[in-house]
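Chemist: Take a look at this one; I'll ask things after.
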Amino acid sequence: MADLLQGWKRTHYCAEPAQAEVGTEVLLMGWADSWRNLGSLIFIGLRDRSGVMQVTFDESSLPKDVFTLAETIRNEYVLAVKGVLCERASGMVNKNMATGQYEVRATALKILGAAETPPIYVQDDLDAAEQVRLKYRYLDLRRPCMQKNLIMRNKVTQVTHAYFEEKGFLEIETPILCKSTPEGARDYLVPSRVQPGKFYALPQSPQQFKQLLMVSGYDRYMQIARCFRDEDLRADRQPEFTQIDLEMSFVDRDDVLEVNEGFIARLLKETLNYDVKLPLPRLSWQEAMDRYGSDKPDTRYGMELCDVSEIAKACDFSVFSGAVEAGGSVRCINVKGGADQFPRKKLDELSEFAKIYRAKGLAWMGLKTDGLQCTFAKFLTGEQIAAIQQKAGAKQGDLLLFVADAKNSVVYASLGALRQEVAKRLNLIPEGMIDLLWVVDFPLLEYDEEEKRFTAMHHPFTSPMDEDIQYMDTDPARVRAKAYDMVMNGNEIGGGSIRIHSPQLQEKMFETLGFTKEEAWRRFGFLMEAFKYGTPPHGGLAYGLDRLVMLITKAQSIRDVIAFPKVQTASCLMTNAPDIVDQQQLDELSLSIQHE
RNA sequence: GGCCCGGUAGUUCAGUUGGUUAGAAUGCUAGCCUGUCACGCUAGAGGUCAGGGGUUCGAGCCCCCUCCGGGUCGCCA
């Protein structure tokens, strides 16, 4: 069988040839990015992952068969071109092209693969529907901007490996077929063939395994780990995603934070050449909620929340006073100079926006030049209005937006989201700035209205703060955790905690979460058993790699930094997964499908 | 599970109160062309208007259902 390449070897990537090589013979391989046939002169843009080089075929200086073959080239044909690297004459330089001062004058050509007309254009300024892009993902991924994203993703994982290797971390793989854990997200289940009726779960994270590795003395562990959660998708959430997962022994919170500040600084330096100022600021969870209405605050701009409950509770506006009396609050944000930028129609839009977050409505007070525009002024005394304006720092021209609710969580969520929305609309978010901070001192538990019990805010292995352990029985909501999140420009990019390493405390935690002792041992017995045999204090952190790369590349969707992502229905438009399977496969697994 | 937006040549879109044979650009095919680079010129092909049902003399357009995609709330320890 004759070899297709017949010994042809690529000498350069398309965009690689340099000034010093002008006049030398090069051999390029790639895809036809464009073709322009002028009759007896043909121009081909030849593309590979490095870029595009123009190749010329000149009828007058080529054997007939080579030129005839070149005439058949169409977009996306795969070519091997031998030729001489030439400098273009000054009038022919293309300034829009990185290699625009060169071209390769072809002397020989092989067509390595023909191509049908592609359904989408392979170019950056493509506005094809994402549905089409994802069906033909292999073509979409040929586009330079997509290649740039995946190359950046590779850069991130390489820096990650290098940094943690230097710091003495070992990469250790953990299982993909795991035991289902009831707490947390919904598990993807895998039926067992050899044990009918039993199931594995795909890991939501390597959490328990990495803790067991600490018990085993591996001391510093890291892994770039695939994780799975069977929950609904978002622009920044996929059912399978990748974590940079790490765990350390013999450490306290500040040790973990220090290693990770070093990491993020190194990462942003090597990827974006951005200098991060260390140490990173720290904000307690309570302060983050009070000032920004979010546990992942975007602190690139102000417009902080202001609590006016004290003034509001005494007023005759029952929406305000009632909320405070019921244990909630009244808070506002001050949109500086916003009074004239938000006419009634836009305020109604903002009101609708707030309702998405369960706010019952939006009250406002605009300090306009022609007087006060306020939805509730008639219920308040002049002193009360003045007190609110003073508390919020409102000046002439400002706009105050209020949310009152019996639940502080609603006030925080709606006003926090409103703050972001208004900032976006008014372009208050500085371009090019990267804002990093830690949010610390999270509550250990939160009350689940549906299940009528406390659940772990982080996960059930998170250590309570030593001084708060005393409240675990009497006032669980008051207990703070040794947990921390790293926040970048309003996005949670990583989170972790110091773990419980005492079997007694771990048992107590499960008790607080409402597990019976038997249940806790059935589900997590292996972990509590392990803790009995000598467990170092330990803690760790995990980053969402996809989200991190998305922020670094400024991609609009997490799908743009994952080679083969899934759509909102958790299916893959290219392979058509998930799909039905043969009856025989079901039989082997002792499964039967209930059809409606 | 809820709310919002979208689906018309390969692709991106237009399509008037519901009225003749559904258009444009680009891509594609063929011919001509030696300096193009969004090449140019000439000619041509290309449609399940997402699918189903309904209203009507008549539906791309109005109504109902379904499917597909996007955003989002819930959910995501």
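Lettering and numbering for the structure tokens are positional, with chains as A, B, ... in the shown order, residues counted from 1 in each chain, and ligands counted from 1 in the shown order.
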Which residues are near segment 15-23 of chain B? Cut-off 7 Å, only C-alpha atoms (C1' of nucleotides), ignore same chain within fewer than 5 positions. Put them as a list in words.

Modeler: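 Neighbouring residues, sequence-local ones excluded: G58, A59 and C61 of chain B.
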
Chemist: With a distance threshold of 6 Å and counting only C-alpha atoms (C1' of nucleotides), extract the residues of chain A near chain B and express them as a list in words.

Modeler: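 Going by the stated atoms only, the list reads Leu38, Gly39, Ser40, Leu41, Pro119, Gln131, Glu183, Gly184, Ala456, His458 and His459 of chain A.
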
Chemist: Please extract the residues of segment 21-105 of chain A with a backbone DSSP assignment of alpha helix (DSSP H) and present them as a PDB file with N, CA, C and O atoms, in the first residue's frame.

Modeler:
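The result, written out as result_2.pdb:
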ATOM      1  N   LYS A  64       1.694  21.049 -15.133  1.00  0.00           N
ATOM      2  CA  LYS A  64       0.252  21.120 -15.400  1.00  0.00           C
ATOM      3  C   LYS A  64      -0.559  20.374 -14.356  1.00  0.00           C
ATOM      4  O   LYS A  64      -1.591  20.836 -13.888  1.00  0.00           O
ATOM      5  N   ASP A  65      -0.082  19.177 -13.971  1.00  0.00           N
ATOM      6  CA  ASP A  65      -0.883  18.359 -13.063  1.00  0.00           C
ATOM      7  C   ASP A  65      -1.005  19.011 -11.686  1.00  0.00           C
ATOM      8  O   ASP A  65      -2.032  18.899 -11.023  1.00  0.00           O
ATOM      9  N   VAL A  66       0.037  19.723 -11.247  1.00  0.00           N
ATOM     10  CA  VAL A  66      -0.039  20.392  -9.935  1.00  0.00           C
ATOM     11  C   VAL A  66      -1.083  21.504  -9.976  1.00  0.00           C
ATOM     12  O   VAL A  66      -1.927  21.636  -9.100  1.00  0.00           O
ATOM     13  N   PHE A  67      -1.042  22.309 -11.057  1.00  0.00           N
ATOM     14  CA  PHE A  67      -1.985  23.420 -11.148  1.00  0.00           C
ATOM     15  C   PHE A  67      -3.419  22.914 -11.284  1.00  0.00           C
ATOM     16  O   PHE A  67      -4.349  23.451 -10.677  1.00  0.00           O
ATOM     17  N   THR A  68      -3.585  21.875 -12.085  1.00  0.00           N
ATOM     18  CA  THR A  68      -4.925  21.303 -12.271  1.00  0.00           C
ATOM     19  C   THR A  68      -5.481  20.801 -10.950  1.00  0.00           C
ATOM     20  O   THR A  68      -6.662  20.974 -10.643  1.00  0.00           O
ATOM     21  N   LEU A  69      -4.607  20.186 -10.166  1.00  0.00           N
ATOM     22  CA  LEU A  69      -5.029  19.700  -8.847  1.00  0.00           C
ATOM     23  C   LEU A  69      -5.412  20.881  -7.947  1.00  0.00           C
ATOM     24  O   LEU A  69      -6.419  20.834  -7.237  1.00  0.00           O
ATOM     25  N   ALA A  70      -4.632  21.952  -8.019  1.00  0.00           N
ATOM     26  CA  ALA A  70      -4.892  23.128  -7.177  1.00  0.00           C
ATOM     27  C   ALA A  70      -6.240  23.754  -7.521  1.00  0.00           C
ATOM     28  O   ALA A  70      -6.908  24.324  -6.658  1.00  0.00           O
ATOM     29  N   GLU A  71      -6.649  23.636  -8.798  1.00  0.00           N
ATOM     30  CA  GLU A  71      -7.938  24.205  -9.206  1.00  0.00           C
ATOM     31  C   GLU A  71      -9.120  23.530  -8.515  1.00  0.00           C
ATOM     32  O   GLU A  71     -10.209  24.088  -8.444  1.00  0.00           O
TER      33      GLU A  71
END

Chemist: Compare A:Leu401, A:Met457, A:Leu436, A:Leu548 by their minimum atom-to-atom distance to Ala354 of chain A, counting only C-alpha atoms, and give me the closest one.

Modeler: A:Leu401

Chemist: If you count only C-alpha atoms (C1' of nucleotides), which residues fall within 12 Å of G54 of chain B, apart from same-chain ones fewer than 6 positions away, as a list in words?

Modeler: C62, C63, C64 and C65 of chain B

Chemist: Just to confirm, what's the straight-line distance from atom CA of Ala185 of chain A to atom CA of Phe228 of chain A in Å (one decimal)?

Modeler: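 Atom-to-atom, atom CA of Ala185 of chain A and atom CA of Phe228 of chain A are spaced 9.2 Å apart.
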